[in-house]
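Read the structure below first, then the notes.
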Amino acid sequence: MSLIKFLIHVILEAMKFWTCSLLVSVILTLTSCLSVVSVDEVPTLELTRTATTFVNFPTPAPLLLPTLTATPLPPTSTPVPSPTLVSLPKKAIQLHSPLAEHSIEQLFDIVSSPYDPPPPGDDARHQGVDFCYYHGEERDFIEGEIINAILSGKVASSQAGKFPYGNMVMLETAYNELPEEIILGLDIQPGESLYHLYAHLQEAPKVALGERVEGGQTLGQVGKTGYNIVVSHLHFETRFGPPSTVFKNMARYYADATQEELDTYEFWRTSGTFRHFDPMDLFSLFVP
Ligand SMILES: [Zn+2]
């Protein structure tokens, strides 16, 4: 009886062991299966991702490239040359000689007293240039030679018999009427005007203050009116300064000069508001 019990017990124990090992083997198989699945899925996902990115990239690229190269080419090529060609002839303003019987080039041969500027604020020395000659081609002496406006403008001063200029005309040429050669060659500030003054005329000027004058228009004849003038000549001054200035009454060096005349003269000559320069620098810009 005890032998039978023992055998039953052994069989039962063997069955327990087998069940346990079976369970363990089942669990092991399951976990190994799960781990294999999870490892295998990663490359599959990556492959599909890379596959989708390859599909996405090439689509927008060819759309951008043709539009970038096609648009900028036509606008740069067509409009640039046309405005440059149109604007240049409009700026080609002619400079006239102030003396009717002399070209701009010939002026350099008849300078009798050159520009000799004083220190700033000083009225001494020579703030312009004098033209004078003997034995010219058409006349023996400069007296009576026609004086012309070098550029178009308006009359900024018109004086009769006042010292020191005598009979005198001053013209203002506005910035937008100046030849490009003068603006670039003499470093004119935008908006500044060129003032040009013709002194010692034979007769009182016939142009009035504010009147419009064309380039080449006659202003009078060379004479010897004014302060301490012994020999007939043209005294010519050039200055740059603020636009639309008018010099109504302007005089100095005589006893009856009014305060207004003295102040206006000082404003033009020594205030520093109007920068004088050698008129021959202006003419040299137009000598070939
Ligand atoms: Zn002079």
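The chains in the structure tokens are called A, B, ... from first to last as shown; in each chain the residues are counted from 1, and the ligands are counted from 1 in the order shown.
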Practice task
Would you list the contacts of Tyr115 of chain A as number ranges by chain, taking every protein, DNA or RNA residue within 10 Å and counting only C-alpha atoms, but skipping same-chain residues closer than 5 positions in sequence?
Solution key: A: 125-130, 236-237, 276-280
Practice task
May I have all residues of segment 151-257 of chain A that DSSP, computed from the backbone, assigns to strand (DSSP E), given as a PyMOL selection string?
Solution key: chain A and resi 153-162+166-173+193-201+212-213+218-221+234-241
Problem - Who sits within 10 Å of segment 181-195 of chain A, only C-alpha atoms, same chain under 3 positions skipped, as number ranges by chain - result: A: 91-93, 95, 151, 153-157, 170-178, 237-245, 274-277, 281-286
With C-alpha atoms retained, export the selected residues as a PDB file, in the first residue's frame.
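Result went into out-v4.pdb, see below:
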ATOM      1  CA  LYS A  91      20.897 119.109 -69.619  1.00  0.00           C
ATOM      2  CA  ALA A  92      23.162 120.283 -72.432  1.00  0.00           C
ATOM      3  CA  ILE A  93      22.892 124.023 -71.683  1.00  0.00           C
ATOM      4  CA  LEU A  95      27.505 128.792 -71.794  1.00  0.00           C
ATOM      5  CA  LEU A 151      23.449 132.010 -68.868  1.00  0.00           C
ATOM      6  CA  GLY A 153      18.324 133.722 -65.329  1.00  0.00           C
ATOM      7  CA  LYS A 154      16.598 136.644 -63.671  1.00  0.00           C
ATOM      8  CA  VAL A 155      17.887 140.083 -62.732  1.00  0.00           C
ATOM      9  CA  ALA A 156      19.054 140.051 -59.088  1.00  0.00           C
ATOM     10  CA  SER A 157      20.451 143.624 -59.177  1.00  0.00           C
ATOM     11  CA  MET A 170      23.685 141.024 -61.671  1.00  0.00           C
ATOM     12  CA  LEU A 171      21.867 137.867 -62.821  1.00  0.00           C
ATOM     13  CA  GLU A 172      20.840 134.796 -60.856  1.00  0.00           C
ATOM     14  CA  THR A 173      20.817 131.373 -62.547  1.00  0.00           C
ATOM     15  CA  ALA A 174      18.896 128.854 -60.456  1.00  0.00           C
ATOM     16  CA  TYR A 175      20.320 125.397 -59.694  1.00  0.00           C
ATOM     17  CA  ASN A 176      17.952 123.598 -62.086  1.00  0.00           C
ATOM     18  CA  GLU A 177      19.074 125.848 -64.968  1.00  0.00           C
ATOM     19  CA  LEU A 178      22.807 125.308 -64.447  1.00  0.00           C
ATOM     20  CA  GLU A 237      32.171 138.401 -60.717  1.00  0.00           C
ATOM     21  CA  THR A 238      30.755 134.950 -59.995  1.00  0.00           C
ATOM     22  CA  ARG A 239      29.406 133.643 -56.663  1.00  0.00           C
ATOM     23  CA  PHE A 240      27.303 130.775 -55.345  1.00  0.00           C
ATOM     24  CA  GLY A 241      24.679 131.415 -52.720  1.00  0.00           C
ATOM     25  CA  PRO A 242      21.099 130.971 -51.500  1.00  0.00           C
ATOM     26  CA  PRO A 243      18.431 131.222 -54.207  1.00  0.00           C
ATOM     27  CA  SER A 244      16.044 134.103 -54.948  1.00  0.00           C
ATOM     28  CA  THR A 245      18.166 136.825 -53.339  1.00  0.00           C
ATOM     29  CA  PHE A 274      27.878 134.261 -51.155  1.00  0.00           C
ATOM     30  CA  ARG A 275      31.046 132.315 -52.012  1.00  0.00           C
ATOM     31  CA  HIS A 276      33.066 134.076 -54.709  1.00  0.00           C
ATOM     32  CA  PHE A 277      35.382 132.097 -56.963  1.00  0.00           C
ATOM     33  CA  ASP A 281      37.461 128.314 -63.399  1.00  0.00           C
ATOM     34  CA  LEU A 282      33.927 128.413 -64.771  1.00  0.00           C
ATOM     35  CA  PHE A 283      35.033 129.294 -68.321  1.00  0.00           C
ATOM     36  CA  SER A 284      37.759 126.639 -68.312  1.00  0.00           C
ATOM     37  CA  LEU A 285      35.013 123.972 -67.943  1.00  0.00           C
ATOM     38  CA  PHE A 286      33.825 124.916 -71.466  1.00  0.00           C
TER      39      PHE A 286
END
Give me, as a PDB file with C-alpha atoms, in the first residue's frame, all polymer residues having an atom no more than 8 Å from Tyr133 of chain A, counting only C-alpha atoms and skipping those fewer than 6 positions away in the same chain.
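The result, stored in around.pdb:
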ATOM      1  CA  ILE A 110      42.447 139.406 -72.546  1.00  0.00           C
ATOM      2  CA  SER A 112      43.957 142.437 -67.586  1.00  0.00           C
ATOM      3  CA  PHE A 141      39.925 149.106 -77.818  1.00  0.00           C
ATOM      4  CA  ILE A 142      37.388 147.124 -75.710  1.00  0.00           C
TER       5      ILE A 142
END
Problem - Polymer residues at most 10 Å from Gly216 of chain A, only C-alpha atoms, same-chain spacing of 6 or more positions, as a PyMOL selection string - result: chain A and resi 94-100+147-152
Got time to write the residues from that selection, N, CA and C atoms, as a compact mmCIF listing (two decimals), in the first residue's frame?
# COMPACT_ATOMS: atom_id res chain seq x y z
N GLN A 94 24.08 125.62 -73.05
CA GLN A 94 25.27 126.28 -73.58
C GLN A 94 25.68 127.46 -72.69
N LEU A 95 26.98 127.62 -72.49
CA LEU A 95 27.50 128.79 -71.79
C LEU A 95 27.95 129.80 -72.85
N HIS A 96 27.53 131.07 -72.69
CA HIS A 96 27.89 132.12 -73.65
C HIS A 96 29.07 132.92 -73.12
N SER A 97 29.86 133.46 -74.04
CA SER A 97 30.93 134.38 -73.63
C SER A 97 30.27 135.70 -73.21
N PRO A 98 30.80 136.38 -72.17
CA PRO A 98 30.21 137.68 -71.79
C PRO A 98 30.55 138.78 -72.78
N LEU A 99 31.50 138.55 -73.67
CA LEU A 99 31.88 139.56 -74.66
C LEU A 99 31.53 139.06 -76.06
N ALA A 100 30.72 139.85 -76.79
CA ALA A 100 30.16 139.41 -78.07
C ALA A 100 31.23 139.11 -79.11
N ILE A 147 28.13 143.42 -74.26
CA ILE A 147 28.20 142.47 -73.12
C ILE A 147 26.94 141.61 -73.15
N ASN A 148 27.14 140.28 -73.11
CA ASN A 148 26.01 139.34 -73.14
C ASN A 148 25.93 138.53 -71.84
N ALA A 149 24.72 138.07 -71.54
CA ALA A 149 24.53 137.20 -70.37
C ALA A 149 25.15 135.84 -70.66
N ILE A 150 25.92 135.30 -69.72
CA ILE A 150 26.56 134.00 -69.96
C ILE A 150 25.55 132.85 -69.86
N LEU A 151 24.49 133.04 -69.05
CA LEU A 151 23.45 132.01 -68.87
C LEU A 151 22.09 132.67 -68.69
N SER A 152 21.04 131.91 -68.89
CA SER A 152 19.70 132.42 -68.61
C SER A 152 19.51 132.61 -67.11
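Going from atom CA of Asp140 of chain A over to atom CA of Asn228 of chain A, you cover 22.8 Å.
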Practice task
Extract, using only C-alpha atoms, all DNA, RNA and protein residues at most 6 Å from Asn167 of chain A, discarding same-chain residues fewer than 3 positions from it, and format them as a list in words.
Solution key: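 Returned residues: Gln159, Ala160, Gly161, His200, Leu201 and Ala204 of chain A.
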Handout entry: Residue nearest ligand 1 among A:Glu266, A:Pro205, A:Val230, A:Glu214 (counting only C-alpha atoms and all ligand atoms)
Key = A:Val230
Handout entry: Residue list (alpha helix (DSSP H), DSSP) for segment 59-282 of chain A, as a ChimeraX atom specification
Key = /A:60-70,73-77,81-91,104-107,180-185,259-269,279-282
Practice task
Have a look at A:Asp123, A:Pro118, A:Met168, A:Val111 and name the one nearest to Trp268 of chain A; count only C-alpha atoms.
Solution key: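 Looking only at the distances to Trp268 of chain A, the closest residue turns out to be A:Asp123.
You will find atom CA of Pro164 of chain A at 25.7 Å from atom CA of Gly215 of chain A.
Among A:Glu180, A:Glu143, A:Asp109, A:Glu137, the residue with the shortest atom-to-atom distance to Glu203 of chain A, counting only C-alpha atoms, is A:Glu143.
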